[in-house]
>>> print(open('start_28.cif').read())   # mmCIF, C-alpha atoms
data_query
#
loop_
_atom_site.label_atom_id
_atom_site.label_comp_id
_atom_site.auth_asym_id
_atom_site.auth_seq_id
_atom_site.Cartn_x
_atom_site.Cartn_y
_atom_site.Cartn_z
CA MET A 4 -103.48 -203.79 116.22
CA ASP A 5 -102.95 -206.56 113.69
CA GLU A 6 -103.08 -209.96 115.41
CA ARG A 7 -99.72 -211.06 113.99
CA ARG A 8 -97.95 -207.99 115.31
CA TRP A 9 -99.72 -208.36 118.61
CA ILE A 10 -98.56 -211.95 118.99
CA ALA A 11 -95.03 -211.06 117.86
CA ALA A 12 -94.90 -208.41 120.60
CA ILE A 13 -96.09 -210.91 123.22
CA LEU A 14 -93.54 -213.48 122.10
CA ALA A 15 -90.84 -210.80 122.36
CA GLY A 16 -91.80 -210.49 126.05
CA ASP A 17 -94.19 -207.52 125.94
CA MET A 18 -96.50 -208.27 128.88
CA GLN A 19 -98.55 -205.13 128.25
CA SER A 20 -99.69 -206.60 124.92
CA PHE A 21 -100.74 -209.81 126.63
CA SER A 22 -102.70 -207.79 129.18
CA CYS A 23 -104.53 -206.12 126.28
CA LEU A 24 -105.24 -209.54 124.81
CA VAL A 25 -106.71 -210.65 128.14
CA ALA A 26 -108.86 -207.52 128.27
CA LYS A 27 -110.14 -208.18 124.75
CA TYR A 28 -111.06 -211.84 125.19
CA GLU A 29 -111.80 -212.32 128.90
CA LYS A 30 -115.49 -211.38 128.68
CA MET A 31 -116.32 -213.78 125.86
CA ALA A 32 -114.11 -216.50 127.34
CA TYR A 33 -115.93 -216.09 130.66
CA THR A 34 -119.33 -216.23 128.92
CA ILE A 35 -118.40 -219.50 127.19
CA ALA A 36 -117.10 -220.94 130.47
CA VAL A 37 -120.25 -219.90 132.38
CA ARG A 38 -122.47 -221.54 129.75
CA ILE A 39 -120.57 -224.82 130.19
CA VAL A 40 -119.74 -225.04 133.91
CA GLU A 41 -122.77 -223.01 135.08
CA ASN A 42 -120.93 -221.58 138.06
CA ARG A 43 -119.25 -218.18 138.27
CA GLU A 44 -116.25 -219.18 140.46
CA ASP A 45 -115.51 -222.30 138.41
CA ALA A 46 -115.88 -220.28 135.21
CA GLU A 47 -113.27 -217.75 136.39
CA GLU A 48 -110.88 -220.60 137.17
CA VAL A 49 -111.47 -222.04 133.72
CA VAL A 50 -110.70 -218.66 132.14
CA GLN A 51 -107.49 -218.29 134.18
CA ASP A 52 -106.33 -221.77 133.17
CA ALA A 53 -107.25 -221.12 129.55
CA PHE A 54 -105.23 -217.90 129.39
CA LEU A 55 -102.25 -219.65 130.97
CA LYS A 56 -102.51 -222.46 128.42
CA MET A 57 -102.83 -219.88 125.66
CA TYR A 58 -99.70 -218.08 126.85
CA GLN A 59 -97.74 -221.33 126.89
CA ALA A 60 -99.05 -222.44 123.49
CA LEU A 61 -98.76 -219.07 121.74
CA PRO A 62 -95.32 -219.83 120.20
CA ASP A 63 -96.96 -222.82 118.44
CA PHE A 64 -99.89 -220.83 117.02
CA ARG A 65 -99.54 -220.97 113.21
CA PHE A 66 -102.50 -218.76 112.13
CA ASP A 67 -104.36 -221.73 110.65
CA SER A 68 -107.50 -220.22 112.21
CA LYS A 69 -108.56 -216.95 113.78
CA LEU A 70 -106.87 -216.27 117.12
CA SER A 71 -110.30 -215.98 118.76
CA SER A 72 -111.43 -219.43 117.46
CA TRP A 73 -108.15 -220.99 118.57
CA PHE A 74 -108.46 -219.44 122.03
CA TYR A 75 -112.18 -220.28 122.44
CA ARG A 76 -111.29 -223.88 121.64
CA ILE A 77 -108.82 -223.79 124.55
CA VAL A 78 -111.53 -222.32 126.81
CA TYR A 79 -114.00 -224.94 125.61
CA ARG A 80 -111.58 -227.85 126.23
CA THR A 81 -110.60 -226.46 129.65
CA ALA A 82 -114.25 -226.08 130.64
CA LEU A 83 -114.99 -229.64 129.51
CA THR A 84 -112.11 -230.87 131.69
CA ALA A 85 -113.63 -228.94 134.60
CA LEU A 86 -116.91 -230.80 134.01
CA ARG A 87 -114.99 -234.00 134.83
CA GLY A 88 -116.25 -236.35 132.16
CA GLN A 89 -119.80 -235.04 131.85
CA HIS A 90 -120.94 -234.91 128.24
CA LEU A 91 -121.82 -231.47 126.97
CA PHE A 92 -123.46 -232.39 123.70
CA SER A 93 -126.27 -234.88 123.70
CA ASP A 94 -126.19 -237.56 121.02
CA TYR A 95 -127.54 -236.72 117.60
CA ASP A 96 -131.31 -236.58 117.93
CA GLU A 97 -133.50 -237.40 114.95
CA VAL A 98 -136.50 -235.51 116.34
CA GLU A 99 -136.94 -232.42 114.18
CA ALA A 100 -137.65 -229.09 115.83
CA GLY A 101 -140.33 -227.03 114.15
CA ASP A 102 -139.89 -223.53 112.80
CA VAL A 103 -140.20 -220.52 115.06
CA SER A 104 -143.89 -219.58 115.05
CA LEU A 105 -145.24 -216.14 114.18
CA ALA A 106 -146.49 -215.66 117.75
CA GLU A 107 -143.03 -216.45 119.10
CA GLN A 108 -141.44 -213.97 116.70
CA GLU A 109 -143.89 -211.23 117.71
CA THR A 110 -143.27 -211.83 121.39
CA ALA A 111 -139.52 -211.63 120.78
CA THR A 112 -139.85 -208.44 118.72
CA SER A 113 -141.84 -206.77 121.50
CA LEU A 114 -139.04 -207.64 123.93
CA LEU A 115 -136.56 -205.51 121.95
CA GLU A 116 -138.18 -202.36 123.32
CA ARG A 117 -137.88 -203.42 126.95
CA GLU A 118 -135.13 -202.13 129.21
CA ASP A 119 -134.79 -205.46 131.04
CA ARG A 120 -134.21 -207.37 127.76
CA LYS A 121 -130.61 -208.37 128.63
CA GLU A 122 -131.66 -209.75 132.00
CA ILE A 123 -134.56 -211.72 130.53
CA ILE A 124 -132.40 -213.18 127.74
CA SER A 125 -129.70 -214.18 130.23
CA GLN A 126 -132.33 -215.95 132.32
CA ILE A 127 -133.77 -217.69 129.26
CA LEU A 128 -130.30 -218.91 128.25
CA LYS A 129 -129.87 -220.41 131.71
CA THR A 130 -133.05 -222.47 131.27
CA LEU A 131 -131.79 -223.99 128.00
CA GLU A 132 -129.54 -227.04 127.69
CA LYS A 133 -125.85 -226.14 128.13
CA ASP A 134 -124.93 -227.08 124.57
CA GLU A 135 -127.79 -225.01 123.12
CA ALA A 136 -126.91 -221.95 125.21
CA LEU A 137 -123.27 -222.32 124.14
CA LEU A 138 -124.07 -222.58 120.43
CA LEU A 139 -126.45 -219.60 120.57
CA THR A 140 -123.77 -217.59 122.38
CA LEU A 141 -121.08 -218.43 119.84
CA TYR A 142 -123.25 -217.91 116.77
CA TYR A 143 -125.45 -214.98 117.72
CA LEU A 144 -123.52 -213.14 120.41
CA ASP A 145 -119.91 -213.54 119.28
CA GLU A 146 -120.97 -213.91 115.64
CA CYS A 147 -118.77 -216.95 115.01
CA SER A 148 -119.43 -218.65 111.69
CA VAL A 149 -120.56 -222.30 111.53
CA GLU A 150 -117.03 -223.19 110.35
CA GLU A 151 -115.51 -221.49 113.40
CA ILE A 152 -117.92 -223.32 115.72
CA VAL A 153 -116.83 -226.57 114.06
CA GLN A 154 -113.20 -225.67 114.83
CA ILE A 155 -114.04 -224.84 118.45
CA THR A 156 -116.28 -227.79 119.29
CA ASP A 157 -115.12 -230.55 116.91
CA LEU A 158 -118.75 -231.19 115.91
CA SER A 159 -119.52 -231.80 112.25
CA GLU A 160 -120.89 -228.92 110.19
CA SER A 161 -124.29 -230.57 109.71
CA ASN A 162 -124.47 -231.31 113.43
CA VAL A 163 -123.74 -227.67 114.30
CA LYS A 164 -126.43 -226.47 111.88
CA THR A 165 -129.03 -228.91 113.21
CA LYS A 166 -128.25 -228.12 116.83
CA LEU A 167 -128.30 -224.38 116.14
CA PHE A 168 -131.68 -224.64 114.45
CA ARG A 169 -133.08 -226.60 117.37
CA ALA A 170 -131.46 -224.28 119.95
CA ARG A 171 -133.03 -221.25 118.27
CA LYS A 172 -136.47 -222.87 118.33
CA HIS A 173 -136.11 -223.79 122.03
CA PHE A 174 -134.92 -220.25 122.77
CA TYR A 175 -138.01 -218.65 121.19
CA THR A 176 -140.36 -221.18 122.80
CA ALA A 177 -138.85 -220.51 126.23
CA LEU A 178 -139.08 -216.78 125.61
CA GLU A 179 -142.76 -216.93 124.70
CA LYS A 180 -143.53 -219.16 127.69
CA ARG A 181 -141.77 -216.73 129.98
CA MET A 182 -143.61 -213.71 128.58
CA LYS A 183 -146.97 -215.50 128.84
CA ASN A 184 -146.28 -216.32 132.49
CA GLU A 185 -145.34 -212.70 133.10
CA MET A 186 -148.62 -211.53 131.51
CA ARG A 187 -150.62 -214.05 133.54
CA ASN A 188 -148.99 -212.80 136.75
CA LEU A 189 -149.80 -209.21 135.85
CA LEU A 190 -153.45 -210.05 135.32
CA MET B 11 -140.11 -214.19 108.52
CA GLU B 12 -137.13 -215.45 106.54
CA ASN B 13 -134.27 -217.33 108.14
CA LYS B 14 -131.92 -214.35 107.73
CA ASP B 15 -134.41 -212.01 109.38
CA LEU B 16 -134.87 -214.45 112.21
CA ASP B 17 -131.09 -214.61 112.64
CA ARG B 18 -130.97 -210.79 112.70
CA LEU B 19 -133.74 -210.67 115.32
CA THR B 20 -131.95 -213.27 117.45
CA ARG B 21 -128.69 -211.29 117.22
CA ARG B 22 -130.50 -208.13 118.37
CA LEU B 23 -132.05 -210.03 121.26
CA MET B 24 -128.71 -211.51 122.32
CA GLU B 25 -126.79 -208.25 121.99
CA GLY B 26 -125.00 -207.22 125.19
CA THR B 27 -125.82 -210.41 127.07
CA ALA B 28 -122.20 -211.48 127.60
CA GLU B 29 -121.51 -212.42 131.21
CA ARG B 30 -119.35 -210.01 133.18
CA PRO B 31 -116.41 -211.51 135.09
CA SER B 32 -115.17 -209.98 138.34
CA ALA B 33 -113.06 -206.84 137.92
CA SER B 34 -109.97 -208.53 139.35
CA LEU B 35 -109.87 -211.36 136.79
CA ASN B 36 -107.46 -209.57 134.44
CA THR B 37 -105.08 -208.79 137.33
CA ARG B 38 -105.22 -212.38 138.58
CA ILE B 39 -104.49 -213.76 135.12
CA MET B 40 -101.50 -211.44 134.69
CA ALA B 41 -100.18 -212.35 138.15
CA LEU B 42 -100.42 -216.02 137.17
CA ILE B 43 -98.53 -215.39 133.93
CA ARG B 44 -95.79 -213.44 135.75
CA GLN B 45 -95.51 -216.26 138.30
CA GLN B 46 -95.10 -218.65 135.40
CA GLN B 47 -92.37 -216.46 133.89
CA ALA B 48 -90.51 -216.18 137.20
CA ALA B 49 -90.37 -219.97 137.37
CA LYS B 50 -88.54 -219.91 134.04
CA ILE B 51 -85.56 -218.08 135.61
CA ALA B 52 -82.97 -220.80 136.02
CA PHE B 53 -80.91 -221.42 139.11
CA VAL B 54 -77.41 -220.16 138.44
CA PRO B 55 -74.47 -220.60 140.82
CA ASN B 56 -72.68 -217.45 141.97
CA MET B 57 -69.68 -216.18 140.02
CA PRO B 58 -66.41 -216.79 141.89
CA SER B 59 -65.47 -213.89 144.18
CA THR B 60 -62.15 -211.99 144.00
CA ALA B 61 -60.79 -214.10 146.89
CA SER B 62 -61.67 -217.29 144.97
CA TRP B 63 -59.94 -215.96 141.85
CA LEU B 64 -56.78 -215.23 143.90
CA GLY B 65 -57.00 -218.63 145.58
CA TRP B 66 -57.25 -220.44 142.25
CA PHE B 67 -54.41 -218.32 140.84
CA LEU B 68 -52.18 -219.37 143.74
CA VAL B 69 -53.11 -223.03 143.22
CA TYR B 70 -52.14 -222.72 139.53
CA LEU B 71 -48.83 -221.04 140.49
CA LEU B 72 -48.04 -223.81 142.99
CA LEU B 73 -48.87 -226.47 140.40
CA ALA B 74 -46.68 -224.74 137.81
CA ALA B 75 -43.83 -224.39 140.34
CA GLY B 76 -44.21 -228.09 141.24
CA ALA B 77 -44.05 -229.06 137.58
CA PHE B 78 -40.94 -226.96 136.98
CA TYR B 79 -39.28 -228.42 140.08
CA TYR B 80 -40.08 -231.97 138.85
CA MET B 81 -38.55 -231.15 135.46
CA TYR B 82 -35.48 -229.59 137.04
CA ALA B 83 -34.92 -232.43 139.53
CA ASN B 84 -35.26 -235.13 136.87
CA LYS B 85 -33.41 -233.11 134.23
CA LEU B 86 -36.26 -233.63 131.73
CA THR B 87 -36.08 -232.07 128.27
CA MET B 88 -39.14 -230.65 126.47
CA ARG B 89 -39.00 -233.52 123.99
CA VAL B 90 -39.27 -236.12 126.76
CA ILE B 91 -42.07 -234.15 128.46
CA LEU B 92 -44.11 -233.96 125.24
CA GLU B 93 -43.63 -237.67 124.57
CA GLU B 94 -44.80 -238.51 128.11
CA MET B 95 -47.76 -236.12 127.95
CA THR B 96 -49.09 -237.21 124.53
CA PRO B 97 -51.47 -239.93 125.87
CA TYR B 98 -52.96 -237.44 128.37
CA LEU B 99 -53.10 -234.47 125.99
CA SER B 100 -56.82 -234.85 125.14
CA LEU B 101 -57.72 -235.08 128.83
CA VAL B 102 -55.64 -232.01 129.67
CA LEU B 103 -57.23 -230.00 126.84
CA THR B 104 -60.77 -231.05 127.84
CA CYS B 105 -60.20 -230.01 131.45
CA ALA B 106 -58.61 -226.75 130.32
CA LEU B 107 -61.67 -225.98 128.13
CA ALA B 108 -64.33 -227.05 130.66
CA VAL B 109 -63.49 -224.40 133.25
CA PRO B 110 -63.71 -221.32 130.98
CA LEU B 111 -66.85 -222.72 129.30
CA TYR B 112 -68.51 -223.22 132.69
CA ILE B 113 -67.62 -219.67 133.75
CA ALA B 114 -68.89 -218.24 130.46
CA GLY B 115 -72.19 -220.17 130.83
CA VAL B 116 -72.71 -218.90 134.37
CA TRP B 117 -71.97 -215.34 133.27
CA LEU B 118 -74.43 -215.53 130.34
CA ASP B 119 -77.24 -217.04 132.47
CA ARG B 120 -76.80 -214.40 135.15
CA LYS B 121 -76.93 -211.67 132.52
CA ARG B 122 -80.14 -213.13 131.06
CA ASN B 123 -81.79 -213.48 134.48
CA LYS B 124 -80.87 -209.90 135.34
CA GLU B 125 -82.48 -208.64 132.12
CA MET B 126 -85.67 -210.62 132.77
CA ARG B 127 -85.92 -209.26 136.32
CA GLN B 128 -85.41 -205.70 135.10
CA GLN B 129 -88.15 -206.21 132.50
CA GLU B 130 -90.49 -207.59 135.19
CA GLU B 131 -89.76 -204.68 137.53
CA SER B 132 -90.39 -202.12 134.81
CA LEU B 133 -93.84 -203.62 134.19
CA GLN B 134 -94.88 -203.72 137.86
#
>>> encode(input="start_28.cif", output="structure tokens")
Amino acid sequence: MDERRWIAAILAGDMQSFSCLVAKYEKMAYTIAVRIVENREDAEEVVQDAFLKMYQALPDFRFDSKLSSWFYRIVYRTALTALRGQHLFSDYDEVEAGDVSLAEQETATSLLEREDRKEIISQILKTLEKDEALLLTLYYLDECSVEEIVQITDLSESNVKTKLFRARKHFYTALEKRMKNEMRNLL
Amino acid sequence: MENKDLDRLTRRLMEGTAERPSASLNTRIMALIRQQQAAKIAFVPNMPSTASWLGWFLVYLLLAAGAFYYMYANKLTMRVILEEMTPYLSLVLTCALAVPLYIAGVWLDRKRNKEMRQQEESLQ
């Protein structure tokens, strides 16, 4: 259903439409919350609060952005509040991350064939910094554009690009390290 | 590998790795929203019962009878009554308007609350 019609139905009091909205966004909202608060129970509370805030703020939504970006921003802000003042994003770091090496790319490509890929990737994401795991999730999993990530996180566009580049490098490095350890254990 | 290819590879690697919340999360969220909606239903006093209507009607009759008796005893003409009432006319009109407006407000709020409850019940 078209988002405008969906929202109009919710504002007219159609709770079934809101339930559908919850079903559509709860998984991604929960993933974002887990990346930030790193705890399943707290993440569920964040998602509940975020949906409640969304419901209350829906009459003020003016379609300046995509509904998903607007809602993920609410989830993001709610999760940050749950962190109680901890900073999610580290200060701008001048240290450049190198490109993803050929060996790292080959290791990653070989992982595509494996049945336990999802589990391994989830574990790798947990080893990364929270902000890097969040950016990778938004950009590669939910396929948000850089502009949408800017709207969600309030970071500058250049900052998002730099952090994404670095996050991707760290992701591949962690992946290769993990696979090497696995090989070593097998031998 | 080009940047775009690397992005494509990363997307394929990340595919399906969204975290899965507990099955009851949707239900809990909807319960929270309904709770929030229920809180919106305003407190509305009860509409006067038939006995109250009759009681008030009798009070009005007694007041009217008292007024007529006062006029009769003092042999007041309508002209004199209007002249004496003029300073209090705005007060009398305000009081006369307040009661029906209050009753109409109560009736409308009760109607709205009833509709909201019916809508809630139909969804549960």
>>> closest_residue(input="start_28.cif", among="A:Leu190, A:Leu178, A:Val153, A:Val25", to="chain B", atoms="all atoms listed in the file")
A:Val25
>>> closest_atom_pairs(input="start_28.cif", of="chain B", to="chain A", cutoff="9 Å", atoms="only C-alpha atoms", output="tab-separated table")
residue	atom	partner	partner_atom	distance
B:Met11	CA	A:Leu105	CA	7.9
B:Leu16	CA	A:Gln108	CA	8.0
B:Asp17	CA	A:Tyr143	CA	7.6
B:Arg18	CA	A:Tyr143	CA	8.6
B:Leu19	CA	A:Thr112	CA	7.3
B:Thr20	CA	A:Tyr143	CA	6.7
B:Arg21	CA	A:Tyr143	CA	4.9
B:Arg22	CA	A:Leu115	CA	7.5
B:Leu23	CA	A:Leu115	CA	6.4
B:Met24	CA	A:Leu144	CA	5.8
B:Glu25	CA	A:Leu144	CA	6.1
B:Gly26	CA	A:Lys121	CA	6.7
B:Thr27	CA	A:Lys121	CA	5.4
B:Ala28	CA	A:Thr34	CA	5.7
B:Glu29	CA	A:Thr34	CA	5.0
B:Arg30	CA	A:Lys30	CA	6.1
B:Pro31	CA	A:Tyr33	CA	6.4
B:Ser32	CA	A:Glu47	CA	8.2
B:Leu35	CA	A:Glu47	CA	7.2
B:Asn36	CA	A:Val25	CA	6.4
B:Thr37	CA	A:Ser22	CA	8.5
B:Arg38	CA	A:Gln51	CA	7.7
B:Ile39	CA	A:Gln51	CA	5.5
B:Met40	CA	A:Ser22	CA	6.7
B:Leu42	CA	A:Leu55	CA	7.4
B:Ile43	CA	A:Leu55	CA	6.4
B:Arg44	CA	A:Met18	CA	8.6
B:Gln46	CA	A:Leu55	CA	8.5
B:Gln129	CA	A:Gly16	CA	8.6
B:Glu130	CA	A:Met18	CA	8.7
B:Leu133	CA	A:Met18	CA	7.5
>>> residues_near_point(input="start_28.cif", point="(-124.3, -229.3, 116.1)", cutoff="9 Å", atoms="all atoms listed in the file", output="list in words")
Phe92, Tyr95, Asp134, Glu135, Leu138, Ile152, Val153, Thr156, Leu158, Ser159, Glu160, Ser161, Asn162, Val163, Lys164, Thr165, Lys166, Leu167 and Phe168 of chain A
>>> residues_around(input="start_28.cif", residues="Glu6 in chain A", least_positions_apart="5", cutoff="10 Å", atoms="only C-alpha atoms", output="JSON, numbers by chain")
{"A": [11, 12, 24, 66, 69, 70, 71]}
>>> residues_around(input="start_28.cif", residues="Ile91 in chain B", least_positions_apart="6", cutoff="12 Å", atoms="all atoms listed in the file", output="PDB file with C-alpha atoms, in the coordinates of the input")
ATOM      1  CA  ALA B  77     -44.050-229.060 137.580  1.00  0.00           C
ATOM      2  CA  PHE B  78     -40.940-226.960 136.980  1.00  0.00           C
ATOM      3  CA  TYR B  80     -40.080-231.970 138.850  1.00  0.00           C
ATOM      4  CA  MET B  81     -38.550-231.150 135.460  1.00  0.00           C
ATOM      5  CA  TYR B  82     -35.480-229.590 137.040  1.00  0.00           C
ATOM      6  CA  ASN B  84     -35.260-235.130 136.870  1.00  0.00           C
ATOM      7  CA  LYS B  85     -33.410-233.110 134.230  1.00  0.00           C
ATOM      8  CA  PRO B  97     -51.470-239.930 125.870  1.00  0.00           C
ATOM      9  CA  TYR B  98     -52.960-237.440 128.370  1.00  0.00           C
ATOM     10  CA  LEU B  99     -53.100-234.470 125.990  1.00  0.00           C
TER      11      LEU B  99
END
>>> atom_distance(input="start_28.cif", atom1="CA of Arg169 in chain A", atom2="CA of Gln154 in chain A")
20.1 Å
>>> atom_distance(input="start_28.cif", atom1="CA of Glu116 in chain A", atom2="CA of Asn188 in chain A")
20.2 Å
>>> atom_distance(input="start_28.cif", atom1="CA of Gln47 in chain B", atom2="CA of Pro62 in chain A")
14.4 Å
>>> residues_around(input="start_28.cif", residues="Ala85 in chain A", least_positions_apart="2", cutoff="8 Å", atoms="all atoms listed in the file", output="PyMOL selection string")
chain A and resi 40+45+49+81-83+87
>>> axis_aligned_box(input="start_28.cif", around="range 125-129 of chain B", padding_each_side="3 Å", output="lines of an AutoDock Vina configuration file")
center_x = -85.3
center_y = -208.2
center_z = 134.2
size_x = 11.7
size_y = 10.9
size_z = 10.2
>>> closest_residue(input="start_28.cif", among="A:Ser20, A:Thr84, A:Gly101, A:Leu14", to="His173 in chain A", atoms="all atoms listed in the file")
A:Gly101
>>> decode(input="start_28.cif", residues="range 121-132 of chain A", atoms="N, CA and C atoms", output="PDB file, in the first residue's frame")
ATOM      1  N   LYS A 121      25.264 -16.532   7.486  1.00  0.00           N
ATOM      2  CA  LYS A 121      24.525 -15.530   8.266  1.00  0.00           C
ATOM      3  C   LYS A 121      25.039 -15.481   9.707  1.00  0.00           C
ATOM      4  N   GLU A 122      25.277 -16.658  10.249  1.00  0.00           N
ATOM      5  CA  GLU A 122      25.741 -16.743  11.645  1.00  0.00           C
ATOM      6  C   GLU A 122      27.131 -16.109  11.782  1.00  0.00           C
ATOM      7  N   ILE A 123      28.005 -16.431  10.821  1.00  0.00           N
ATOM      8  CA  ILE A 123      29.373 -15.894  10.870  1.00  0.00           C
ATOM      9  C   ILE A 123      29.345 -14.372  10.743  1.00  0.00           C
ATOM     10  N   ILE A 124      28.553 -13.874   9.793  1.00  0.00           N
ATOM     11  CA  ILE A 124      28.483 -12.412   9.581  1.00  0.00           C
ATOM     12  C   ILE A 124      27.935 -11.720  10.832  1.00  0.00           C
ATOM     13  N   SER A 125      26.907 -12.314  11.436  1.00  0.00           N
ATOM     14  CA  SER A 125      26.344 -11.720  12.660  1.00  0.00           C
ATOM     15  C   SER A 125      27.407 -11.646  13.750  1.00  0.00           C
ATOM     16  N   GLN A 126      28.200 -12.711  13.853  1.00  0.00           N
ATOM     17  CA  GLN A 126      29.263 -12.717  14.869  1.00  0.00           C
ATOM     18  C   GLN A 126      30.332 -11.666  14.564  1.00  0.00           C
ATOM     19  N   ILE A 127      30.674 -11.552  13.283  1.00  0.00           N
ATOM     20  CA  ILE A 127      31.681 -10.552  12.885  1.00  0.00           C
ATOM     21  C   ILE A 127      31.185  -9.145  13.226  1.00  0.00           C
ATOM     22  N   LEU A 128      29.906  -8.877  12.935  1.00  0.00           N
ATOM     23  CA  LEU A 128      29.341  -7.545  13.209  1.00  0.00           C
ATOM     24  C   LEU A 128      29.407  -7.221  14.696  1.00  0.00           C
ATOM     25  N   LYS A 129      29.265  -8.265  15.525  1.00  0.00           N
ATOM     26  CA  LYS A 129      29.326  -8.036  16.977  1.00  0.00           C
ATOM     27  C   LYS A 129      30.727  -7.672  17.437  1.00  0.00           C
ATOM     28  N   THR A 130      31.736  -8.097  16.671  1.00  0.00           N
ATOM     29  CA  THR A 130      33.122  -7.784  17.080  1.00  0.00           C
ATOM     30  C   THR A 130      33.518  -6.356  16.658  1.00  0.00           C
ATOM     31  N   LEU A 131      32.765  -5.779  15.735  1.00  0.00           N
ATOM     32  CA  LEU A 131      33.105  -4.427  15.260  1.00  0.00           C
ATOM     33  C   LEU A 131      32.633  -3.373  16.266  1.00  0.00           C
ATOM     34  N   GLU A 132      33.123  -2.139  16.072  1.00  0.00           N
ATOM     35  CA  GLU A 132      32.635  -1.020  16.886  1.00  0.00           C
ATOM     36  C   GLU A 132      31.144  -0.838  16.586  1.00  0.00           C
TER      37      GLU A 132
END
